[in-house]
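A quick write-up on the structure given underneath.
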Amino acid sequence: MSLIPLKQWAERVGINPASARQKAIRGKLPAVKMGRDWVIEEDTPNTDGRVKSGKYKDWRNQK
């Protein structure tokens, strides 16, 4: 497993490099900061943390 720059990884998985950097800062990606650059293992999958099950659909109308 080799390390690649976070920007290159983001382009491979199809997300904005700024979004990938924010995920790394928040700890949602297993990236490591080396000097001023972020690096990540090249085979790391992109995880989407959004709730897609519909669990919170119409939550304001439930009383």
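Labels used: A, B, ... for chains in the order of the structure tokens, numbers from 1 for residues in each chain, and numbers from 1 for ligands as shown.
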
Neighbouring residues of stretch 41-47 of chain A were defined as those with any atom within 6 Å, considering only C-alpha atoms; residues of the same chain fewer than 2 positions away were excluded. Please report them as a tab-separated table (two decimals) with all heavy atoms, in the first residue's frame.
chain	number	residue	atom	x	y	z
A	2	SER	N	0.65	2.08	-0.97
A	2	SER	CA	1.48	3.27	-1.07
A	2	SER	C	0.65	4.51	-0.75
A	2	SER	O	-0.57	4.53	-0.92
A	2	SER	CB	2.08	3.39	-2.46
A	2	SER	OG	1.05	3.52	-3.42
A	3	LEU	N	1.34	5.53	-0.28
A	3	LEU	CA	0.70	6.79	0.06
A	3	LEU	C	0.71	7.72	-1.15
A	3	LEU	O	1.70	7.81	-1.87
A	3	LEU	CB	1.42	7.45	1.23
A	3	LEU	CG	1.40	6.70	2.55
A	3	LEU	CD1	2.28	7.42	3.57
A	3	LEU	CD2	0.00	6.57	3.08
A	4	ILE	N	-0.41	8.40	-1.37
A	4	ILE	CA	-0.51	9.37	-2.45
A	4	ILE	C	-1.04	10.67	-1.86
A	4	ILE	O	-1.67	10.67	-0.79
A	4	ILE	CB	-1.42	8.88	-3.61
A	4	ILE	CG1	-2.84	8.63	-3.12
A	4	ILE	CG2	-0.83	7.65	-4.26
A	4	ILE	CD1	-3.82	8.33	-4.24

Write out as a PyMOL selection string each polymer residue whose atoms come within 10 Å of stretch 33-37 of chain A, counting only C-alpha atoms; drop sequence neighbours fewer than 4 positions from it.
chain A and resi 5-7+21+24-25

From chain A, collect each residue whose DSSP state is strand (DSSP E or B) and return the set as number ranges by chain.
A: 3-5, 32-34, 37-41

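Of the listed residues A:Ser53, A:Trp38, A:Met1, A:Val32, the one whose atoms come nearest to A:Pro17 is A:Trp38, with distances taken using only C-alpha atoms.
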
Among chain A, which ones does DSSP place in alpha helix (DSSP H), written as number ranges by chain?
A: 6-13, 17-26

For atom CA of A:Lys23 and atom CA of A:Ile40, determine how far apart the two atoms are, in Å to one decimal place.
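If I compute the distance from atom CA of A:Lys23 to atom CA of A:Ile40, I get 11.9 Å.
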